[in-house]
Amino acid sequence: MTKQELEKQMQSFLLVEDNDAHAKLTTLAFKRNNIYNTIDRVKDGKSALNYVFKKGKYKNKKTPGLILLDLNIPEKDGIEVLTEIKADKTARIIPIVILTTSNSFSDIQRAYLNYANSYLVKPINFEKFNKMVKDLGIYWSVWNVSLLHA
Amino acid sequence: MTNPQGKQKQQKNKYTITKFQGDADLMVYDICKDGIFMAMNENCNDVIGYKAEDMVGHGIWDFLVPETIKQHRISYTKHIKDKIPYVRLRHFFVHKNGPILWMESSGIPLIEDKECIGYKIISKDITKEIQMEKALEVREHELLQKNQELEHFTFSVSHDLKAPLVTLEGFSSIIQEDIGIIHDSCPFHESGVCEKKDKLKQLNESATEINKAVKELSINIESLLELSRIGRLHADRTKESPQKVIQSILEMNKKYMEQAQATIKINCTIPKMNVQKEVFSSILQNVISNSLRHAEKEQEELKINISIRKNSHKSVLIVVADNGKGIPKKEREKMFTTVSGRGRGFGLAIIKKGIELHNGKIWAEENEDSGTKINMLFPNCI
């Protein structure tokens, strides 16, 4: 199987992140750990919802296999995005992993009460960050059985 | 209140005025089936401003807040019927001079021929307690609000401080790694003909310096956040096994222990301590990692002995002793008296704050075979 074919078969990840450097860092960490899923990135909550619900310029996008969602984002914040996706009968099957710098109890609580599938705090230490992204990529692209591709 | 003088005179012999030996703020009285005061102690003068002789012969209803009379009458009829006691019933009396008083009353039914003929009641003015309760409630509400504000503030601070740090650490690490890759993949290095070798070496050193500074900054900021969290924690104390807490700290510090080639012995004779778990763990984490860091300089073998034993009655003494490079006497003496964790991040401040929260004491000594001995005394925790 060629790399292109492999990429086609693999689910794409949607990264919702307003911080350019963090987005780059996350993407780089995926690449450095040989995780080749396509990563599409949007910068705000509104675009994230448009992407998921295939509106406007995102109308030809495939449903992502995983959403990595930052909480502190413009337009609509992470919790609003989470709530709207989990309220939709079709879109709610997409696993949503919160990826944020906040480890405040109220954020963690709000995320889980709104059906987040997982909550990750970005470690400052790059070694840990790298390891986390690697584990995350392997877990969701290799081990996890998605309903989308079942 | 109308004063039916005639009636009182007529039935005077039926009423009694008593002297009560107990607390001066307690009213003790009997009321009949219809709620008329049949006996009253003299304290009522101090409590609600009426003399006992002015009260006997009158219904208790005359002294209640008008809006509550109906409800009390219904309840009283039911009590009489069921012959059940009143237990700490809260109600109002109106003081002779006008103010409304919060009262707490308990009463036992007076039984005659198997019928309830009235109640013997003891009433206490609890207005001050209620006012304090209310003030406390307001205070509690304010505190809750302040806490939420702080929680929010910590979130934004942690986000604002952490976000650029994640970037800094990430990219400086990547640069360092990439320099390593370029260096290793250049075939001319070994032969010494590569003129870029020195530049690469310098680049690598620069990146290392940046990386070190960033790591230090990260540790400081993480500690600062931890310190602010500890200061805000008003967690209840729980029973924790100090042995288990220490073991999980050692688990987390495995890497540093290996780096310092440390052997750690725990001698614990206390099964459970009553502590604020998170704070307690923070204190020990910082003390232990201080010991580990103090030995990083080419030590053959670092030995850390941790002992946890009963000190006196209810207090526990925890001693963390290492054979590291030690701390100069001058510095050691004021180590925990000022918050000046020079070169040590905020670790000392966290330890100090945590000990304070446990009303404990901490002091440093020289260890017998060089090194440092940190003593921590936790009172009232077993």
# chains A, B, ... in the order shown; residues from 1 in each chain; ligands from 1
>>> interface_residues(of="chain A", to="chain B", cutoff="10 Å", atoms="only C-alpha atoms", output="PyMOL selection string")
chain A and resi 19-26+28-29+32+72+100-107+122-130
>>> write_last_selection(atoms="C-alpha atoms", output="compact mmCIF listing (two decimals), in the first residue's frame")
# COMPACT_ATOMS: atom_id res chain seq x y z
CA ASN A 19 -2.73 29.55 18.83
CA ASP A 20 -0.66 29.18 15.63
CA ALA A 21 2.45 27.99 17.42
CA HIS A 22 0.57 25.33 19.35
CA ALA A 23 -1.13 24.12 16.20
CA LYS A 24 2.24 23.82 14.51
CA LEU A 25 3.76 22.12 17.52
CA THR A 26 0.93 19.58 17.68
CA LEU A 28 4.94 18.54 14.18
CA ALA A 29 4.69 16.18 17.11
CA ARG A 32 7.76 13.23 14.36
CA ASN A 72 -10.12 29.03 25.05
CA THR A 100 -6.01 22.69 26.68
CA THR A 101 -3.55 24.34 29.05
CA SER A 102 -6.24 24.66 31.71
CA ASN A 103 -6.36 22.15 34.52
CA SER A 104 -9.01 24.01 36.46
CA PHE A 105 -11.62 21.78 38.06
CA SER A 106 -14.53 23.76 36.65
CA ASP A 107 -13.28 23.32 33.08
CA LYS A 122 -0.94 20.29 27.48
CA PRO A 123 2.25 19.71 29.45
CA ILE A 124 4.82 22.51 29.31
CA ASN A 125 7.63 20.01 29.10
CA PHE A 126 8.11 19.12 25.44
CA GLU A 127 9.22 15.59 26.14
CA LYS A 128 5.90 15.00 27.85
CA PHE A 129 4.01 16.94 25.19
CA ASN A 130 5.60 14.80 22.51
>>> residues_around(residues="A:Lys31", least_positions_apart="6", cutoff="10 Å", atoms="only C-alpha atoms", output="PyMOL selection string")
chain A and resi 25+37+133-134
>>> write_last_selection(atoms="C-alpha atoms", output="mmCIF file, in the first residue's frame")
data_model
loop_
_atom_site.group_PDB
_atom_site.id
_atom_site.type_symbol
_atom_site.label_atom_id
_atom_site.label_comp_id
_atom_site.auth_asym_id
_atom_site.auth_seq_id
_atom_site.Cartn_x
_atom_site.Cartn_y
_atom_site.Cartn_z
ATOM 1 C CA LEU A 25 3.756 22.116 17.517
ATOM 2 C CA ASN A 37 -3.399 11.077 9.666
ATOM 3 C CA VAL A 133 0.632 13.520 21.263
ATOM 4 C CA LYS A 134 2.209 10.204 20.278
#
>>> atom_distance(atom1="atom CA of B:Lys83", atom2="atom CA of B:Ile117")
9.3 Å
>>> atom_distance(atom1="atom CA of B:Ile306", atom2="atom CA of B:Arg229")
26.3 Å
>>> residues_around(residues="stretch 81-88 of chain A", least_positions_apart="4", cutoff="12 Å", atoms="only C-alpha atoms", output="compact mmCIF listing (two decimals) with N, CA and C atoms, in the first residue's frame")
# COMPACT_ATOMS: atom_id res chain seq x y z
N VAL A 16 -8.86 22.04 16.55
CA VAL A 16 -9.46 23.36 16.75
C VAL A 16 -8.56 24.11 17.73
N ASP A 44 -11.19 28.85 15.11
CA ASP A 44 -12.21 29.33 16.05
C ASP A 44 -13.40 28.38 16.10
N GLY A 45 -14.24 28.63 17.08
CA GLY A 45 -15.36 27.74 17.35
C GLY A 45 -16.37 27.68 16.20
N LYS A 46 -16.61 28.83 15.60
CA LYS A 46 -17.59 28.88 14.52
C LYS A 46 -17.13 28.02 13.34
N SER A 47 -15.87 28.19 12.96
CA SER A 47 -15.34 27.39 11.85
C SER A 47 -15.37 25.91 12.18
N ALA A 48 -15.11 25.59 13.45
CA ALA A 48 -15.13 24.19 13.86
C ALA A 48 -16.51 23.59 13.59
N LEU A 49 -17.56 24.35 13.98
CA LEU A 49 -18.92 23.85 13.77
C LEU A 49 -19.25 23.76 12.27
N ASN A 50 -18.82 24.78 11.51
CA ASN A 50 -19.04 24.73 10.06
C ASN A 50 -18.36 23.51 9.43
N TYR A 51 -17.17 23.21 9.91
CA TYR A 51 -16.43 22.05 9.40
C TYR A 51 -17.20 20.77 9.71
N VAL A 52 -17.59 20.63 10.95
CA VAL A 52 -18.27 19.40 11.37
C VAL A 52 -19.62 19.24 10.66
N PHE A 53 -20.33 20.36 10.52
CA PHE A 53 -21.65 20.28 9.88
C PHE A 53 -21.58 20.55 8.36
N ILE A 67 -11.85 14.91 16.97
CA ILE A 67 -11.70 16.35 17.09
C ILE A 67 -10.83 16.66 18.31
N LEU A 68 -9.77 17.43 18.09
CA LEU A 68 -8.94 17.91 19.20
C LEU A 68 -9.36 19.35 19.45
N LEU A 69 -9.93 19.58 20.60
CA LEU A 69 -10.60 20.87 20.83
C LEU A 69 -9.97 21.65 21.98
N ASP A 70 -9.52 22.84 21.67
CA ASP A 70 -9.02 23.74 22.70
C ASP A 70 -10.23 24.43 23.34
N LEU A 71 -10.12 24.84 24.59
CA LEU A 71 -11.28 25.45 25.25
C LEU A 71 -11.33 26.95 25.04
N ASN A 72 -10.18 27.58 25.10
CA ASN A 72 -10.12 29.03 25.05
C ASN A 72 -9.94 29.52 23.62
N ILE A 73 -11.05 29.52 22.86
CA ILE A 73 -10.96 29.89 21.45
C ILE A 73 -11.99 30.97 21.13
N PRO A 74 -11.75 31.80 20.11
CA PRO A 74 -12.67 32.89 19.80
C PRO A 74 -13.95 32.42 19.08
N GLU A 75 -14.83 33.38 18.87
CA GLU A 75 -16.14 33.19 18.20
C GLU A 75 -17.09 32.39 19.08
N LYS A 76 -16.82 31.10 19.18
CA LYS A 76 -17.57 30.29 20.14
C LYS A 76 -16.54 29.51 20.93
N ASP A 77 -16.69 29.48 22.27
CA ASP A 77 -15.63 28.80 23.01
C ASP A 77 -15.78 27.28 22.93
N ARG A 92 -22.65 13.54 17.03
CA ARG A 92 -22.21 13.22 18.39
C ARG A 92 -21.34 11.97 18.48
N ILE A 93 -21.31 11.17 17.42
CA ILE A 93 -20.46 9.96 17.47
C ILE A 93 -18.97 10.29 17.32
N ILE A 94 -18.67 11.52 16.86
CA ILE A 94 -17.25 11.87 16.69
C ILE A 94 -16.61 12.03 18.07
N PRO A 95 -15.55 11.29 18.33
CA PRO A 95 -14.89 11.48 19.62
C PRO A 95 -14.28 12.88 19.72
N ILE A 96 -14.50 13.52 20.86
CA ILE A 96 -13.92 14.85 21.06
C ILE A 96 -12.96 14.81 22.24
N VAL A 97 -11.71 15.15 21.95
CA VAL A 97 -10.70 15.19 23.00
C VAL A 97 -10.38 16.65 23.29
N ILE A 98 -10.60 17.07 24.54
CA ILE A 98 -10.26 18.44 24.91
C ILE A 98 -8.74 18.51 25.09
N ARG A 110 -17.00 20.90 33.41
CA ARG A 110 -17.89 21.33 32.33
C ARG A 110 -17.68 20.48 31.08
N ALA A 111 -16.43 20.11 30.82
CA ALA A 111 -16.15 19.32 29.64
C ALA A 111 -16.83 17.95 29.73
N TYR A 112 -16.63 17.27 30.86
CA TYR A 112 -17.21 15.93 30.97
C TYR A 112 -18.73 15.96 31.07
N LEU A 113 -19.27 16.99 31.74
CA LEU A 113 -20.73 17.06 31.85
C LEU A 113 -21.36 17.32 30.49
N ASN A 114 -20.56 17.84 29.56
CA ASN A 114 -21.07 18.04 28.21
C ASN A 114 -20.57 16.96 27.25
N TYR A 115 -20.24 15.82 27.81
CA TYR A 115 -19.93 14.60 27.05
C TYR A 115 -18.62 14.62 26.27
N ALA A 116 -17.62 15.33 26.77
CA ALA A 116 -16.30 15.22 26.14
C ALA A 116 -15.84 13.77 26.31
N ASN A 117 -15.11 13.23 25.31
CA ASN A 117 -14.67 11.84 25.39
C ASN A 117 -13.37 11.69 26.16
N SER A 118 -12.63 12.79 26.26
CA SER A 118 -11.37 12.74 26.97
C SER A 118 -10.92 14.16 27.26
>>> atom_distance(atom1="atom CA of B:Lys70", atom2="atom CA of B:His95")
19.4 Å
